[in-house]
Every structure is written in C-alpha cells, then in structure tokens.
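Okay, so here's the structure we're looking at.
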Amino acid sequence: VAMPVSAPHDPATADAWPFLEVDGPEGVGLVAEAVFALGHRHGLVPVGSALDADGATLAALGLDRSLAAVSPRDLLFLDTETTGLAGGAGTMPFLLGGARFTDAGLVVTQHLVRAPGEEGPALAWLDEALQNAAAVVTFNGKSFDLPLLKSRVVLARRPGLAPRPHLDLLHAARRVFSARLPRCTLGAVERAVLDFPRVGDVAGADIPARYLRYVRLGDRAALVPVVTHNRWDLLALPSLLGELAARFGRRPGAGRHHPEDALGIARTLLKGGDGGEALRHADALGARAEAPAALRAAALVVAAEVQRRRRDPRGTAERLHAALAHAGDNPAAHLQLAGLYERTLADPARALYHARRAVGAEAPEALARRVQRLERRCRAGVQLALPGLDPP
C-alpha cells in the first residue's frame, strides 16, 4: 500500500485535519502519519522506553512464552475506534491505528474508513502491518479489537490475518495494578501510572455518533477529537509497556515503584513460572518496613509459595511465619503450615496449633477431621514418651 511521506510531529497543527488521500490497489484510502521522537513523553514516560523490554519481560507480562523470542522493535501497537462498543456483525472499525518503531522514532499511522463498505484500504494496511510484525500489543485487544477485525476480514472475503503472539496490556495492568486501582481502564492507568491526565478527551460513548456525523454531513471537526483520542491510545501503549518493563526489571523498591505494584509483579512472575524473580520481588516487599503490614504479609505468602514449589519446607515455613507476624489473622497461611508440619516436618503439635486457627480456609468437615487426626497423633506421642515405653 502506498504511503505518504512522514513528517515530524508538530503539536501546533495537532488539531488540523491530518489525513491525506492515498491511492492504492484497494482503492483510495485516508491515511495520517506522524513521527514521535523516542524521547517524546506520554505523561512521565518516554515512548521509547518500550525498547528496553527484552523478550523475557514480554513473555512474563503476557504469560506467553512465545513472546520470549520477540524484539520490541518488531512490535505492532494496535488500537481501533469503532461504530459501537458491543461488538457483533453490526459494529465496524472505522479508524485503524498502528504504531511501530523505526530509525526515525515511533511512527503512528491511522487509517480512516470514509464510509461503510470502504474498508479495503484499511484492512489491506492491517494485513501488511501484521505480516511485518513479530507480535501485536493492544489494550483489551484480545476481547475486542482483534476478534472484531477478524470478523470484518471474513465479511470482506479477504484472506485471514496473519496469526501473531498477542500481548494485551489490559490483562498485564490488571495483574500488576488492580491492588490499588479499582478499575484498570486505560485512562485510569494513564493517570495513576504514567501521570497523563487526558484533558479535553472525547468520551468513548460519543465516538460512534461523531463518526456518523462525519459520514452523513462531512463534518471533519467532529472527527478530529476522535483522531486525537486514538493517537493518545497508541502513544500510551509503548509508554505503558516501557513502564511495566522497568518495574519488572529494576531493583525492587527503586524508582516509582508503588508497594501494591510490587505485589502484583511478584504474583505475575509466579504465575508465569519465574520463581527466582518472583521470590526476589516478594522478599523485597516483605522487608519494606514502610509498607502496610497486610501487604507485606501477602508478599511473604507469595514467597512461601515459591519455596513450596522448590520443595524447601523450612523456607516455606519461615516465610509463612513471617506473614503471620505481620497479619496474624490469615487462615490460609495457618492451613498451609498445618499441612507442612503434619506431612513434611513431622511436628503434629505445631500442626494442630495451626489447624485450630485455620477456620474458614477449608471445608468445616475437612478441617474437623484434620484437627481430630492431629489430636490423636499428639495423644499417641505423649503416651509413647512416658517412662517405661520405647519410642516407635
């Protein structure tokens, strides 16, 4: 697909109509392209910080080992604006935006569908962009953008889109930030993590009506804020990826590293199978004296799980006891210790102590059987220790 010559981003003309007509094999398309320097900041974070994410970090963020072989220079950041938020056959993506790193910086490309039925040029660009990408990065794209685009490709009777590994930053953000963010929308994450408040942004619910006004009346002014909204989405993706990568890679507790985020990172690493890094982050948070006690306890529970998987019973018990020291009312930790002392460390008295404090951590009938079993073992142990009786 033929492309217009890119020009450096000029904030003074950001509100002007950005699209040029491009004549390609699929017909005439409307294309806007802008280049952002790697140092361009979306809030506090440069867009070029995404280039610091190595394959291991991408795989950890996406819980997808196929991302381990991907370089951030080969990522396609993708976002769409659509005629509805519910999806389905009646919903059409009318603005397709993509961003890629080149030698010039971050190139943001936006394809506008002039009217329903004229999706050919935009879909052709998408197909080519995916062919040239090693993986795709979105925010909620697994549930919305990609399924919708695939359905439009089928309806247009085009060849299927090239399958690519997919890093959905919504899921990564939820795993890392949900402990302190009630809702992990892109806007909420931008404000809390990137320090980028969207001043004058168009509401997502108003976007379909603005496109309809453009199609019916040719009102470009109604659509310009939507283009800006989409461009902000595309700039947020590499910035958020870069910030997440920095938090996964930097020394725990350093920089802008909120304690709740450290817990989310440790849990994500544990879920992804990187026990060493999970233990490093969890232990560091557990040792932070300024962190809330409940948060330190939760981190130590994660560290205990790492040690359990490593078959280190004493390391597991040590961290569970430390967790209880910070937040004693933790039935799940008591239950783990009860099982550990009964099955592995052969200390029924301690197992009984913790079992009696594990109310609510397992079914009442199962817990009652556990307590009764341990009481019998403790009584037997006392009898065998009486003078004149040999130990087993």
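Numbering starts fresh at 1 for the residues of each chain in the structure tokens, the chains themselves are lettered A, B, ... in the order given, and ligands are numbered from 1 as they appear.
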
Please run DSSP on the backbone and report, as a PyMOL selection string, all residues within region 2-155 of chain A that come out as strand (DSSP E or B).
-> chain A and resi 8+20-24+27-36+41-42+45-46+75-82+93-102+105-112+135-138

Those of region 103-300 of chain A in DSSP helix (DSSP H, G or I), formatted as a ChimeraX atom specification | /A:120-131,141-155,169-177,186-194,204-217,220-249,259-271,275-286,293-300

Find the residues of region 127-190 of chain A that sit at most 8 Å from region 67-88 of chain A; for each, write down the nearest two atoms and how far apart they are in Å, to one decimal. Count only C-alpha atoms. Sort by chain, then by number going up, and give it as a Markdown table.
```
| residue | atom | partner | partner_atom | distance |
| --- | --- | --- | --- | --- |
| A:Ala129 | CA | A:Leu76 | CA | 7.3 |
| A:Leu130 | CA | A:Leu76 | CA | 7.3 |
| A:Asn132 | CA | A:Asp74 | CA | 7.8 |
| A:Ala133 | CA | A:Asp74 | CA | 5.3 |
| A:Ala134 | CA | A:Asp74 | CA | 5.3 |
| A:Ala135 | CA | A:Leu75 | CA | 5.2 |
| A:Val136 | CA | A:Leu76 | CA | 4.7 |
| A:Val137 | CA | A:Phe77 | CA | 4.7 |
| A:Thr138 | CA | A:Leu78 | CA | 5.4 |
| A:Phe139 | CA | A:Asp79 | CA | 7.6 |
| A:Gly141 | CA | A:Asp79 | CA | 7.6 |
| A:Phe144 | CA | A:Gly87 | CA | 7.1 |
| A:Asp145 | CA | A:Thr80 | CA | 6.5 |
| A:Leu148 | CA | A:Gly87 | CA | 6.6 |
| A:Pro165 | CA | A:Leu67 | CA | 6.4 |
```

CA of Arg314 (chain A) to CA of Glu365 (chain A) measures 28.5 Å

Nearest to Ala172 (chain A) among A:Asn330, A:Thr228, A:Thr57, A:Thr91, with distances taken over only C-alpha atoms: which residue is it?
-> A:Thr57

Between CA of Glu290 (chain A) and CA of His334 (chain A), measure the distance and give it in Å to one decimal.
->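 CA of His334 (chain A) lies at a distance of 24.9 Å from CA of Glu290 (chain A).
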
List every residue of region 226-289 of chain A that has an atom at most 8 Å from any atom of region 302-309 of chain A, giving for each one its closest atom pair and the distance in Å to one decimal, counting only C-alpha atoms, sorted by chain and then by ascending residue number, as a Markdown table.
```
| residue | atom | partner | partner_atom | distance |
| --- | --- | --- | --- | --- |
| A:Ala266 | CA | A:Val302 | CA | 7.2 |
| A:Arg267 | CA | A:Val302 | CA | 6.7 |
| A:Leu270 | CA | A:Val306 | CA | 7.2 |
| A:Gly275 | CA | A:Val306 | CA | 5.7 |
| A:Gly276 | CA | A:Val306 | CA | 8.0 |
| A:Ala278 | CA | A:Ala303 | CA | 7.2 |
| A:Leu279 | CA | A:Ala303 | CA | 5.1 |
| A:Ala282 | CA | A:Ala303 | CA | 5.5 |
| A:Asp283 | CA | A:Ala303 | CA | 6.3 |
```

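Atom pair CA of Arg114 (chain A) / CA of His42 (chain A): separated by 29.0 Å.
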
Using only C-alpha atoms, determine which residues lie at most 8 Å from region 366-377 of chain A, disregarding the query and same-chain residues fewer than 6 positions distant; provide the list as a PDB file with C-alpha atoms, in the first residue's frame.
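Result file follows (part_27.pdb):
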```pdb
ATOM      1  CA  GLU A 342       1.963 -32.707  59.600  1.00  0.00           C
ATOM      2  CA  PRO A 348       1.924 -32.839  64.905  1.00  0.00           C
ATOM      3  CA  ALA A 349       1.769 -30.466  67.886  1.00  0.00           C
ATOM      4  CA  ALA A 351       0.349 -28.790  63.007  1.00  0.00           C
ATOM      5  CA  LEU A 352      -2.539 -28.953  65.484  1.00  0.00           C
ATOM      6  CA  ALA A 355      -5.088 -26.292  62.192  1.00  0.00           C
ATOM      7  CA  ARG A 356      -7.148 -24.856  65.048  1.00  0.00           C
ATOM      8  CA  ALA A 358      -7.382 -22.267  60.042  1.00  0.00           C
ATOM      9  CA  VAL A 359     -11.146 -21.864  60.410  1.00  0.00           C
TER      10      VAL A 359
END
```

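Ranking A:Pro331, A:Gly187, A:Gly204, A:Pro147 by their shortest atom-to-atom distance to Met92 (chain A), with only C-alpha atoms included, puts A:Pro147 first.
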